[in-house]
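Each remark here refers to the structure printed beneath this line.
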Amino acid sequence: MREFFAYLDRALSGESLEALEVHLEECLACCDKLAFARQLDAFIKARLGEAPLPPRLEERIRQALDHA
Ligand SMILES: [Zn+2]
């Protein structure tokens, strides 16, 4: 799940970005997860504007997603 947020933040590059994109083309489960992560990301950004999330809140959301 972590790499989806990195992907959304354009923090992935080179081989990891390529590998993820190739994987997404053939893995429906990860496509779903990415769509969910994207929605959550958009929701959070719409709510909080460009202000960064409080570190603990962000960490808790990411942990919840990792366990989903
Ligand atoms: Zn997958």
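Quick note on naming: the chains in the structure tokens go A, B, ... in the order shown, residues restart at 1 in each chain, and ligands are numbered from 1 in order of appearance.
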
Could you give me, as a tab-separated table, every chain A residue with an atom at most 10 Å from ligand 1, plus its closest atom pair and distance in Å to one decimal, counting only C-alpha atoms and all ligand atoms, rows ordered by chain then number?
residue	atom	partner	partner_atom_place_in_ligand_line	distance
A:Met1	CA	ligand 1	1 (Zn)	9.9
A:Leu20	CA	ligand 1	1 (Zn)	8.6
A:Val22	CA	ligand 1	1 (Zn)	9.9
A:His23	CA	ligand 1	1 (Zn)	6.2
A:Leu24	CA	ligand 1	1 (Zn)	6.4
A:Glu25	CA	ligand 1	1 (Zn)	9.1
A:Glu26	CA	ligand 1	1 (Zn)	7.7
A:Cys27	CA	ligand 1	1 (Zn)	4.6
A:Leu28	CA	ligand 1	1 (Zn)	6.8
A:Ala29	CA	ligand 1	1 (Zn)	5.5
A:Cys30	CA	ligand 1	1 (Zn)	4.2
A:Cys31	CA	ligand 1	1 (Zn)	7.3
A:Asp32	CA	ligand 1	1 (Zn)	9.2
A:Lys33	CA	ligand 1	1 (Zn)	8.7
A:Leu34	CA	ligand 1	1 (Zn)	9.7

Would you write out those residues with N, CA, C and O atoms, as a PDB file, in the first residue's frame?
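Saved as selection.pdb:
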ATOM      1  N   MET A   1       0.828  -1.206   0.000  1.00  0.00           N
ATOM      2  CA  MET A   1       0.000   0.000   0.000  1.00  0.00           C
ATOM      3  C   MET A   1       0.861   1.254   0.000  1.00  0.00           C
ATOM      4  O   MET A   1       0.542   2.244  -0.635  1.00  0.00           O
ATOM      5  N   LEU A  20       5.765  -0.940 -10.924  1.00  0.00           N
ATOM      6  CA  LEU A  20       4.411  -0.782 -10.392  1.00  0.00           C
ATOM      7  C   LEU A  20       3.417  -0.626 -11.539  1.00  0.00           C
ATOM      8  O   LEU A  20       2.340  -1.232 -11.531  1.00  0.00           O
ATOM      9  N   VAL A  22       3.641  -1.678 -14.623  1.00  0.00           N
ATOM     10  CA  VAL A  22       3.491  -2.962 -15.304  1.00  0.00           C
ATOM     11  C   VAL A  22       2.596  -3.878 -14.484  1.00  0.00           C
ATOM     12  O   VAL A  22       1.690  -4.520 -14.997  1.00  0.00           O
ATOM     13  N   HIS A  23       2.844  -3.898 -13.187  1.00  0.00           N
ATOM     14  CA  HIS A  23       2.049  -4.741 -12.306  1.00  0.00           C
ATOM     15  C   HIS A  23       0.576  -4.325 -12.322  1.00  0.00           C
ATOM     16  O   HIS A  23      -0.317  -5.169 -12.367  1.00  0.00           O
ATOM     17  N   LEU A  24       0.328  -3.033 -12.311  1.00  0.00           N
ATOM     18  CA  LEU A  24      -1.056  -2.535 -12.272  1.00  0.00           C
ATOM     19  C   LEU A  24      -1.836  -2.944 -13.514  1.00  0.00           C
ATOM     20  O   LEU A  24      -3.050  -3.126 -13.457  1.00  0.00           O
ATOM     21  N   GLU A  25      -1.141  -3.078 -14.621  1.00  0.00           N
ATOM     22  CA  GLU A  25      -1.824  -3.447 -15.850  1.00  0.00           C
ATOM     23  C   GLU A  25      -2.417  -4.848 -15.777  1.00  0.00           C
ATOM     24  O   GLU A  25      -3.376  -5.170 -16.464  1.00  0.00           O
ATOM     25  N   GLU A  26      -1.829  -5.686 -14.943  1.00  0.00           N
ATOM     26  CA  GLU A  26      -2.321  -7.060 -14.909  1.00  0.00           C
ATOM     27  C   GLU A  26      -2.871  -7.490 -13.555  1.00  0.00           C
ATOM     28  O   GLU A  26      -3.287  -8.630 -13.402  1.00  0.00           O
ATOM     29  N   CYS A  27      -2.887  -6.587 -12.592  1.00  0.00           N
ATOM     30  CA  CYS A  27      -3.390  -6.966 -11.272  1.00  0.00           C
ATOM     31  C   CYS A  27      -4.588  -6.105 -10.894  1.00  0.00           C
ATOM     32  O   CYS A  27      -4.439  -4.944 -10.531  1.00  0.00           O
ATOM     33  N   LEU A  28      -5.753  -6.710 -10.962  1.00  0.00           N
ATOM     34  CA  LEU A  28      -6.991  -5.992 -10.677  1.00  0.00           C
ATOM     35  C   LEU A  28      -7.048  -5.562  -9.215  1.00  0.00           C
ATOM     36  O   LEU A  28      -7.517  -4.479  -8.883  1.00  0.00           O
ATOM     37  N   ALA A  29      -6.567  -6.428  -8.331  1.00  0.00           N
ATOM     38  CA  ALA A  29      -6.618  -6.121  -6.899  1.00  0.00           C
ATOM     39  C   ALA A  29      -5.852  -4.838  -6.589  1.00  0.00           C
ATOM     40  O   ALA A  29      -6.325  -3.992  -5.833  1.00  0.00           O
ATOM     41  N   CYS A  30      -4.680  -4.704  -7.179  1.00  0.00           N
ATOM     42  CA  CYS A  30      -3.870  -3.522  -6.906  1.00  0.00           C
ATOM     43  C   CYS A  30      -4.464  -2.292  -7.599  1.00  0.00           C
ATOM     44  O   CYS A  30      -4.355  -1.182  -7.097  1.00  0.00           O
ATOM     45  N   CYS A  31      -5.106  -2.489  -8.741  1.00  0.00           N
ATOM     46  CA  CYS A  31      -5.804  -1.389  -9.399  1.00  0.00           C
ATOM     47  C   CYS A  31      -6.880  -0.832  -8.478  1.00  0.00           C
ATOM     48  O   CYS A  31      -7.034   0.376  -8.341  1.00  0.00           O
ATOM     49  N   ASP A  32      -7.620  -1.739  -7.845  1.00  0.00           N
ATOM     50  CA  ASP A  32      -8.652  -1.322  -6.896  1.00  0.00           C
ATOM     51  C   ASP A  32      -8.057  -0.558  -5.727  1.00  0.00           C
ATOM     52  O   ASP A  32      -8.572   0.461  -5.302  1.00  0.00           O
ATOM     53  N   LYS A  33      -6.948  -1.092  -5.225  1.00  0.00           N
ATOM     54  CA  LYS A  33      -6.302  -0.437  -4.089  1.00  0.00           C
ATOM     55  C   LYS A  33      -5.801   0.947  -4.482  1.00  0.00           C
ATOM     56  O   LYS A  33      -5.894   1.897  -3.704  1.00  0.00           O
ATOM     57  N   LEU A  34      -5.265   1.046  -5.675  1.00  0.00           N
ATOM     58  CA  LEU A  34      -4.760   2.336  -6.129  1.00  0.00           C
ATOM     59  C   LEU A  34      -5.909   3.327  -6.275  1.00  0.00           C
ATOM     60  O   LEU A  34      -5.785   4.488  -5.892  1.00  0.00           O
TER      61      LEU A  34
END

DSSP alpha helix (DSSP H) residues within chain A, as a PyMOL selection string: chain A and resi 2-8+14-26+28-48+55-66

Exercise: Tyr7 in chain A partners within 12 Å, only C-alpha atoms, chain neighbours under 4 positions left out, as an MDAnalysis selection string: chainID A and resid 1:3 11:14 16:21 24 34:35 37:38 41

Keeping N, CA and C atoms, export the residues of the selection given above as a PDB file, in the first residue's frame.
ATOM      1  N   MET A   1       0.828  -1.206   0.000  1.00  0.00           N
ATOM      2  CA  MET A   1       0.000   0.000   0.000  1.00  0.00           C
ATOM      3  C   MET A   1       0.861   1.254   0.000  1.00  0.00           C
ATOM      4  N   ARG A   2       1.934   1.219   0.732  1.00  0.00           N
ATOM      5  CA  ARG A   2       2.822   2.365   0.849  1.00  0.00           C
ATOM      6  C   ARG A   2       3.256   2.895  -0.517  1.00  0.00           C
ATOM      7  N   GLU A   3       3.554   1.992  -1.422  1.00  0.00           N
ATOM      8  CA  GLU A   3       4.047   2.460  -2.709  1.00  0.00           C
ATOM      9  C   GLU A   3       2.972   3.159  -3.534  1.00  0.00           C
ATOM     10  N   ALA A  11       6.524  10.133  -6.023  1.00  0.00           N
ATOM     11  CA  ALA A  11       7.793   9.926  -5.338  1.00  0.00           C
ATOM     12  C   ALA A  11       8.513   8.692  -5.878  1.00  0.00           C
ATOM     13  N   LEU A  12       7.824   7.924  -6.719  1.00  0.00           N
ATOM     14  CA  LEU A  12       8.479   6.769  -7.335  1.00  0.00           C
ATOM     15  C   LEU A  12       9.114   7.207  -8.647  1.00  0.00           C
ATOM     16  N   SER A  13      10.201   6.558  -8.964  1.00  0.00           N
ATOM     17  CA  SER A  13      10.828   6.878 -10.244  1.00  0.00           C
ATOM     18  C   SER A  13      11.580   5.656 -10.743  1.00  0.00           C
ATOM     19  N   GLY A  14      11.993   5.739 -11.966  1.00  0.00           N
ATOM     20  CA  GLY A  14      12.833   4.693 -12.522  1.00  0.00           C
ATOM     21  C   GLY A  14      12.207   3.324 -12.448  1.00  0.00           C
ATOM     22  N   SER A  16      11.236   1.335  -9.938  1.00  0.00           N
ATOM     23  CA  SER A  16      10.087   1.044  -9.085  1.00  0.00           C
ATOM     24  C   SER A  16       8.798   1.561  -9.709  1.00  0.00           C
ATOM     25  N   LEU A  17       8.857   2.728 -10.353  1.00  0.00           N
ATOM     26  CA  LEU A  17       7.677   3.262 -11.022  1.00  0.00           C
ATOM     27  C   LEU A  17       7.265   2.344 -12.169  1.00  0.00           C
ATOM     28  N   GLU A  18       8.226   1.948 -12.947  1.00  0.00           N
ATOM     29  CA  GLU A  18       7.955   1.077 -14.091  1.00  0.00           C
ATOM     30  C   GLU A  18       7.369  -0.261 -13.647  1.00  0.00           C
ATOM     31  N   ALA A  19       7.976  -0.824 -12.612  1.00  0.00           N
ATOM     32  CA  ALA A  19       7.510  -2.112 -12.102  1.00  0.00           C
ATOM     33  C   ALA A  19       6.078  -2.010 -11.603  1.00  0.00           C
ATOM     34  N   LEU A  20       5.765  -0.940 -10.924  1.00  0.00           N
ATOM     35  CA  LEU A  20       4.411  -0.782 -10.392  1.00  0.00           C
ATOM     36  C   LEU A  20       3.417  -0.626 -11.539  1.00  0.00           C
ATOM     37  N   GLU A  21       3.767   0.162 -12.534  1.00  0.00           N
ATOM     38  CA  GLU A  21       2.839   0.376 -13.643  1.00  0.00           C
ATOM     39  C   GLU A  21       2.601  -0.909 -14.422  1.00  0.00           C
ATOM     40  N   LEU A  24       0.328  -3.033 -12.311  1.00  0.00           N
ATOM     41  CA  LEU A  24      -1.056  -2.535 -12.272  1.00  0.00           C
ATOM     42  C   LEU A  24      -1.836  -2.944 -13.514  1.00  0.00           C
ATOM     43  N   LEU A  34      -5.265   1.046  -5.675  1.00  0.00           N
ATOM     44  CA  LEU A  34      -4.760   2.336  -6.129  1.00  0.00           C
ATOM     45  C   LEU A  34      -5.909   3.327  -6.275  1.00  0.00           C
ATOM     46  N   ALA A  35      -7.028   2.862  -6.823  1.00  0.00           N
ATOM     47  CA  ALA A  35      -8.193   3.737  -6.973  1.00  0.00           C
ATOM     48  C   ALA A  35      -8.658   4.219  -5.608  1.00  0.00           C
ATOM     49  N   ALA A  37      -6.793   4.421  -2.843  1.00  0.00           N
ATOM     50  CA  ALA A  37      -5.776   5.316  -2.311  1.00  0.00           C
ATOM     51  C   ALA A  37      -5.884   6.695  -2.951  1.00  0.00           C
ATOM     52  N   ARG A  38      -6.202   6.713  -4.235  1.00  0.00           N
ATOM     53  CA  ARG A  38      -6.315   7.982  -4.950  1.00  0.00           C
ATOM     54  C   ARG A  38      -7.511   8.784  -4.424  1.00  0.00           C
ATOM     55  N   ASP A  41      -6.651  10.049  -0.979  1.00  0.00           N
ATOM     56  CA  ASP A  41      -5.682  11.113  -1.132  1.00  0.00           C
ATOM     57  C   ASP A  41      -6.376  12.411  -1.537  1.00  0.00           C
TER      58      ASP A  41
END

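Among the candidate residues A:Gln39, A:Ile44, A:Ala6, A:Glu15, the one lying nearest to Glu58 in chain A is A:Ile44, with distances computed using only C-alpha atoms.
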
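The coordinates place CA of Leu48 in chain A at 18.2 Å from CA of Phe36 in chain A.
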